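Have a look at start.cif below; it lists mmCIF, C-alpha atoms.
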```
data_structure
#
loop_
_atom_site.label_atom_id
_atom_site.label_comp_id
_atom_site.auth_asym_id
_atom_site.auth_seq_id
_atom_site.Cartn_x
_atom_site.Cartn_y
_atom_site.Cartn_z
CA MET A 542 -33.43 -34.09 -30.01
CA THR A 543 -31.08 -31.15 -29.82
CA THR A 544 -28.48 -30.59 -27.18
CA SER A 545 -26.97 -27.37 -25.95
CA PRO A 546 -23.24 -27.12 -25.56
CA SER A 547 -21.92 -27.09 -22.02
CA PRO A 548 -21.09 -23.60 -20.82
CA SER A 549 -17.43 -22.78 -21.19
CA PRO A 550 -15.46 -21.81 -18.10
CA PRO A 551 -14.70 -18.14 -17.85
CA GLY A 552 -11.67 -17.19 -19.91
CA PRO A 553 -8.50 -15.63 -18.50
CA GLY A 554 -9.77 -12.16 -19.34
CA VAL A 555 -12.91 -12.64 -17.27
CA LEU A 556 -10.95 -14.02 -14.33
CA ASP A 557 -8.40 -11.24 -14.54
CA ALA A 558 -11.17 -8.63 -14.56
CA ALA A 559 -12.83 -10.22 -11.53
CA LEU A 560 -9.55 -10.32 -9.60
CA ASP A 561 -8.88 -6.71 -10.51
CA ARG A 562 -12.32 -5.65 -9.22
CA ALA A 563 -11.72 -7.59 -6.00
CA PHE A 564 -8.08 -6.70 -5.26
CA GLY A 565 -6.39 -4.51 -7.85
CA HIS A 566 -8.94 -1.71 -8.22
CA PRO A 567 -11.67 -2.75 -5.78
CA SER A 568 -15.20 -1.91 -6.87
CA GLY A 569 -18.73 -3.15 -6.29
CA LEU A 570 -19.55 -6.29 -4.36
CA LEU A 571 -16.30 -7.98 -5.43
CA GLY A 572 -14.38 -4.99 -4.10
CA ARG A 573 -16.06 -5.22 -0.71
CA LEU A 574 -15.39 -8.95 -0.52
CA GLY A 575 -11.79 -8.35 -1.58
CA GLY A 576 -11.45 -5.71 1.13
CA LYS A 577 -12.56 -8.16 3.80
CA LEU A 578 -10.07 -10.75 2.56
CA MET A 579 -7.28 -8.18 2.45
CA ALA A 580 -8.08 -7.09 6.00
CA VAL A 581 -7.35 -10.63 7.15
CA SER A 582 -4.50 -11.67 4.85
CA ASN A 583 -2.52 -8.42 5.02
CA ALA A 584 -3.03 -7.63 8.71
CA ALA A 585 0.29 -9.01 9.96
CA THR A 586 2.27 -7.17 7.29
CA GLU A 587 0.37 -3.91 7.87
CA HIS A 588 1.19 -4.05 11.60
CA ARG A 589 4.79 -5.03 10.85
CA VAL A 590 5.32 -1.98 8.64
CA VAL A 591 3.75 0.34 11.22
CA ASP A 592 6.02 -1.15 13.90
CA LEU A 593 9.10 -0.67 11.70
CA ALA A 594 8.18 2.98 11.14
CA ARG A 595 8.51 3.78 14.88
CA LEU A 596 5.91 6.50 14.64
CA GLU A 597 5.94 9.42 17.05
CA PRO A 598 2.94 11.37 18.42
CA ASP A 599 4.00 14.59 16.70
CA GLU A 600 4.45 13.04 13.23
CA THR A 601 2.29 13.24 10.13
CA VAL A 602 1.90 9.91 8.33
CA LEU A 603 0.73 9.37 4.76
CA VAL A 604 -0.57 5.90 3.89
CA ILE A 605 -0.71 5.10 0.19
CA GLY A 606 -3.39 2.59 -0.82
CA PRO A 607 -4.63 1.72 2.68
CA GLY A 608 -7.26 -0.67 1.30
CA PRO A 609 -9.60 -1.66 4.13
CA GLY A 610 -7.60 0.46 6.58
CA ILE A 611 -5.78 -1.99 8.86
CA GLY A 612 -2.44 -0.16 8.69
CA LEU A 613 -4.16 3.22 8.59
CA ASP A 614 -5.95 2.37 11.81
CA ALA A 615 -2.76 1.17 13.51
CA ALA A 616 -0.87 4.31 12.46
CA SER A 617 -3.70 6.58 13.62
CA LYS A 618 -3.30 5.31 17.18
CA LEU A 619 0.36 6.32 17.27
CA ALA A 620 0.91 9.40 15.10
CA GLY A 621 -0.46 12.91 15.45
CA GLU A 622 -1.98 13.16 11.96
CA VAL A 623 -2.68 10.33 9.53
CA ILE A 624 -3.83 10.65 5.92
CA GLY A 625 -4.91 7.76 3.71
CA VAL A 626 -4.84 8.21 -0.06
CA GLU A 627 -6.97 5.59 -1.80
CA PRO A 628 -8.46 5.53 -5.33
CA SER A 629 -11.27 3.06 -4.57
CA PRO A 630 -14.50 4.51 -3.12
CA GLN A 631 -15.30 1.14 -1.53
CA MET A 632 -11.96 1.04 0.27
CA ARG A 633 -12.31 4.67 1.37
CA ASP A 634 -15.65 3.77 2.96
CA LEU A 635 -14.06 0.82 4.78
CA CYS A 636 -11.23 3.05 6.02
CA THR A 637 -13.68 5.63 7.32
CA ASP A 638 -15.78 2.96 9.02
CA ARG A 639 -12.67 1.53 10.68
CA CYS A 640 -10.84 4.72 11.65
CA GLY A 641 -13.59 7.29 12.16
CA ASP A 642 -12.16 10.76 12.62
CA ARG A 643 -8.72 9.50 13.64
CA ALA A 644 -7.59 9.55 9.99
CA GLU A 645 -8.32 11.69 6.96
CA VAL A 646 -9.19 9.58 3.92
CA ARG A 647 -9.08 11.11 0.46
CA ALA A 648 -9.17 10.05 -3.18
CA GLY A 649 -5.79 9.87 -4.86
CA SER A 650 -2.81 7.70 -5.68
CA ALA A 651 0.92 7.47 -5.13
CA ALA A 652 1.49 9.81 -8.06
CA GLN A 653 -1.27 12.24 -7.00
CA THR A 654 -1.51 12.48 -3.22
CA GLY A 655 -2.96 15.98 -2.97
CA CYS A 656 -0.46 16.75 -0.19
CA ALA A 657 1.63 19.89 0.09
CA ASP A 658 5.39 19.92 -0.35
CA ALA A 659 7.33 18.61 2.66
CA SER A 660 4.15 17.97 4.67
CA ALA A 661 4.65 14.34 5.83
CA ASP A 662 7.19 12.75 8.13
CA VAL A 663 6.50 9.17 7.09
CA VAL A 664 5.01 7.41 4.07
CA LEU A 665 3.75 3.84 4.42
CA THR A 666 2.47 1.57 1.67
CA VAL A 667 1.62 -2.14 1.72
CA ASN A 668 0.81 -4.27 -1.33
CA ASN A 669 0.19 -1.25 -3.50
CA VAL A 670 3.35 -0.47 -5.48
CA GLN A 671 2.55 -3.20 -8.01
CA LEU A 672 -0.57 -1.18 -8.94
CA TRP A 673 1.22 2.11 -9.62
CA GLU A 674 0.78 3.01 -13.27
CA ASP A 675 3.98 5.05 -13.24
CA ARG A 676 6.40 4.08 -10.46
CA ALA A 677 8.83 6.87 -11.29
CA ALA A 678 6.04 9.42 -10.86
CA GLY A 679 4.95 7.70 -7.65
CA PHE A 680 8.39 7.77 -6.07
CA ALA A 681 8.90 11.38 -7.20
CA GLU A 682 5.61 12.41 -5.58
CA LEU A 683 6.40 10.66 -2.31
CA PHE A 684 9.82 12.30 -2.25
CA ARG A 685 8.16 15.68 -2.80
CA VAL A 686 5.65 15.35 0.05
CA LEU A 687 8.15 14.07 2.62
CA ARG A 688 9.95 16.50 4.85
CA PRO A 689 13.77 16.40 4.85
CA GLY A 690 14.73 13.41 6.98
CA GLY A 691 11.34 11.81 6.31
CA ARG A 692 11.16 8.08 5.74
CA LEU A 693 9.41 5.74 3.35
CA LEU A 694 8.48 2.16 4.25
CA LEU A 695 7.14 -0.05 1.50
CA SER A 696 6.07 -3.69 1.48
CA ALA A 697 4.61 -5.86 -1.28
CA HIS A 698 4.12 -9.53 -2.07
CA GLU A 699 7.45 -10.34 -3.68
CA LYS A 700 5.99 -12.69 -6.30
CA TRP A 701 3.68 -9.92 -7.58
CA LEU A 702 6.33 -7.24 -7.94
CA PRO A 703 6.83 -6.12 -11.56
CA VAL A 704 10.57 -5.81 -10.88
CA THR A 705 12.92 -7.20 -8.24
CA ARG A 706 13.06 -5.50 -4.85
CA HIS A 707 16.59 -4.37 -5.67
CA GLN A 708 15.38 -2.70 -8.86
CA LEU A 709 12.61 -1.10 -6.83
CA ALA A 710 15.27 0.31 -4.50
CA ASP A 711 17.15 1.65 -7.54
CA GLU A 712 13.97 3.41 -8.69
CA ALA A 713 13.56 5.00 -5.27
CA ALA A 714 17.19 6.11 -5.37
CA ALA A 715 16.62 7.67 -8.80
CA ALA A 716 13.87 9.80 -7.21
CA GLY A 717 16.38 11.10 -4.65
CA PHE A 718 15.93 8.72 -1.71
CA THR A 719 19.01 7.62 0.22
CA ASP A 720 19.88 5.15 3.01
CA LEU A 721 18.04 2.43 1.14
CA GLN A 722 17.57 -0.95 2.73
CA THR A 723 15.64 -3.89 1.28
CA TRP A 724 14.90 -7.34 2.68
CA THR A 725 12.25 -10.07 2.69
CA TRP A 726 9.89 -10.99 5.51
CA ASP A 727 7.86 -14.17 5.85
CA PRO A 728 4.50 -13.24 7.40
CA PRO A 729 2.78 -15.71 9.71
CA GLY A 730 0.01 -17.84 8.24
CA PHE A 731 -0.43 -18.28 4.51
CA ALA A 732 0.48 -14.81 3.25
CA PRO A 733 3.17 -14.78 0.51
CA LEU A 734 6.73 -13.67 1.19
CA ALA A 735 6.92 -9.89 1.50
CA ALA A 736 9.58 -7.74 -0.12
CA GLN A 737 10.18 -4.68 2.04
CA LEU A 738 12.06 -1.44 1.53
CA ARG A 739 13.08 1.48 3.71
CA ALA A 740 14.35 4.78 2.34
CA VAL A 741 15.00 8.29 3.63
CA LYS A 742 14.71 11.74 2.09
CA PRO A 743 18.03 13.50 2.74
CA SER A 744 18.00 16.28 5.34
#
```
Starting from the file, lay out its structure as structure tokens.
Amino acid sequence: MTTSPSPSPPGPGVLDAALDRAFGHPSGLLGRLGGKLMAVSNAATEHRVVDLARLEPDETVLVIGPGPGIGLDAASKLAGEVIGVEPSPQMRDLCTDRCGDRAEVRAGSAAQTGCADASADVVLTVNNVQLWEDRAAGFAELFRVLRPGGRLLLSAHEKWLPVTRHQLADEAAAAGFTDLQTWTWDPPGFAPLAAQLRAVKPS
């Protein structure tokens, strides 16, 4: 009698790839499932960042990496114009389903927003900075698209940041941002501690 070896559990590479398809660069069925989970787990932080931004009806807001569109939707009910820049087609579909014509959703990234110079009053981004391939390019692009006096609000799970929140603030300062503030916020429920940052483009 011959026996077959027991199947080995998936290796770290397989698990990493699956997590990336679900959350990092959402695609396919895993991406849609990841989007639904993100809509629940990130909701409190998304609303917190929108509240902190104190959006006005005449402002243009750019949301970087809106994922399933919770923050994009909240911003679109307060600001005059809202644009979501999202690389994942699955997440863009979820944003469009959620926001309808209240927000423009386009392909892009922090480093390539497709926005004109000095065209946004506010930039918001939640749990996305850890995915930027080039943070210096991302901060430089966001500085470029903000109007003088425009503000950036950023939040990310602190344990997943590639650098400390203070180093992140230094990187934003190197791009030209001023009035930098950084702190942590403990979301309700089981979401990890959030590192948050506020910065301003000088007038």
Taking the file as shown, find all residues satisfying the PyMOL selection byres ((chain A and resi 593) around 12) and write them as an mmCIF file with C-alpha atoms, in the coordinates of the input.
```
data_model
loop_
_atom_site.group_PDB
_atom_site.id
_atom_site.type_symbol
_atom_site.label_atom_id
_atom_site.label_comp_id
_atom_site.auth_asym_id
_atom_site.auth_seq_id
_atom_site.Cartn_x
_atom_site.Cartn_y
_atom_site.Cartn_z
ATOM 1 C CA THR A 586 2.270 -7.170 7.290
ATOM 2 C CA GLU A 587 0.370 -3.910 7.870
ATOM 3 C CA HIS A 588 1.190 -4.050 11.600
ATOM 4 C CA ARG A 589 4.790 -5.030 10.850
ATOM 5 C CA VAL A 590 5.320 -1.980 8.640
ATOM 6 C CA VAL A 591 3.750 0.340 11.220
ATOM 7 C CA ASP A 592 6.020 -1.150 13.900
ATOM 8 C CA ALA A 594 8.180 2.980 11.140
ATOM 9 C CA ARG A 595 8.510 3.780 14.880
ATOM 10 C CA LEU A 596 5.910 6.500 14.640
ATOM 11 C CA GLU A 597 5.940 9.420 17.050
ATOM 12 C CA GLY A 612 -2.440 -0.160 8.690
ATOM 13 C CA ALA A 616 -0.870 4.310 12.460
ATOM 14 C CA VAL A 663 6.500 9.170 7.090
ATOM 15 C CA VAL A 664 5.010 7.410 4.070
ATOM 16 C CA LEU A 665 3.750 3.840 4.420
ATOM 17 C CA ARG A 692 11.160 8.080 5.740
ATOM 18 C CA LEU A 693 9.410 5.740 3.350
ATOM 19 C CA LEU A 694 8.480 2.160 4.250
ATOM 20 C CA LEU A 695 7.140 -0.050 1.500
ATOM 21 C CA SER A 696 6.070 -3.690 1.480
ATOM 22 C CA GLN A 737 10.180 -4.680 2.040
ATOM 23 C CA LEU A 738 12.060 -1.440 1.530
ATOM 24 C CA ARG A 739 13.080 1.480 3.710
#
```
Exercise. Go through A:Ala681, A:Leu603, A:Cys636, A:Val704 one by one, measure the shortest atom-to-atom distance of each to Ser660 (chain A) using all atoms listed in the file, and give the residue with the smallest value.
Key: A:Leu603
Exercise. Could you check how far CA of Asn669 (chain A) sits from CA of Arg706 (chain A), in Å to one decimal?
Key: 13.6 Å
Quiz prompt | Pick from A:Ala657, A:Ala735, A:Val646, A:Ala615 nearest to Met632 (chain A), counting all atoms listed in the file | solution = A:Val646
Exercise. Measure the distance from CA of Cys640 (chain A) to CA of Gly691 (chain A) in Å and round it to one decimal.
Key: 23.9 Å
Practice problem: Within 9 Å of Gly679 (chain A), counting all atoms listed in the file, which residues show up once you throw out same-chain ones fewer than 6 positions away? Write them as an MDAnalysis selection string, please. | Solution: chainID A and resid 650:653 670 673
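For the pair CA of Ser582 (chain A) and CA of Asp634 (chain A), the separation is 19.1 Å.
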Exercise. List every protein, DNA or RNA residue that has at least one atom no more than 12 Å from (19.8, 7.3, -2.1) in the file's coordinates, counting only C-alpha atoms, and write the result as a list in words.
Key: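 With a cut-off of 12 Å, the residues come to Phe684, Arg692, Leu693, Ala710, Asp711, Glu712, Ala713, Ala714, Ala715, Ala716, Gly717, Phe718, Thr719, Asp720, Leu721, Gln722, Arg739, Ala740, Val741, Lys742, Pro743 and Ser744 of chain A.
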Quiz item: Got a sec: who's within 7 Å of Leu635 (chain A), counting all atoms listed in the file, leaving out chain neighbours fewer than 4 positions off, as an MDAnalysis selection string?
Solution: chainID A and resid 609:610 631 639
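Remark: for Glu600 (chain A), the closest of the candidate residues A:Gly625, A:Cys656, A:Asp662, A:Asn583 is A:Asp662 (distances computed over all atoms listed in the file).
Remark: for Pro729 (chain A), the closest of the candidate residues A:Glu682, A:Ala584, A:Lys700, A:Ala661 is A:Ala584 (distances computed over all atoms listed in the file).
Neighbours of Gln671 (chain A) closer than or equal to 9 Å, with all atoms listed in the file counted and sequence neighbours fewer than 5 positions away skipped, come out as A:Arg676, A:Ala697, A:His698, A:Trp701, A:Leu702, A:Pro703, A:Val704.
Residues near the point (3.1, 14.9, 17.0), at a distance of 8 Å or less over only C-alpha atoms, make up Glu597, Pro598, Asp599, Glu600, Thr601, Ala620, Gly621 and Glu622 of chain A.
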Quiz item: For Pro733 (chain A), which residue out of A:Ile611, A:Ala659, A:Asn668, A:Thr705 is the nearest one, using all atoms listed in the file?
Solution: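 Residue with the minimum atom-to-atom distance to Pro733 (chain A): A:Asn668.
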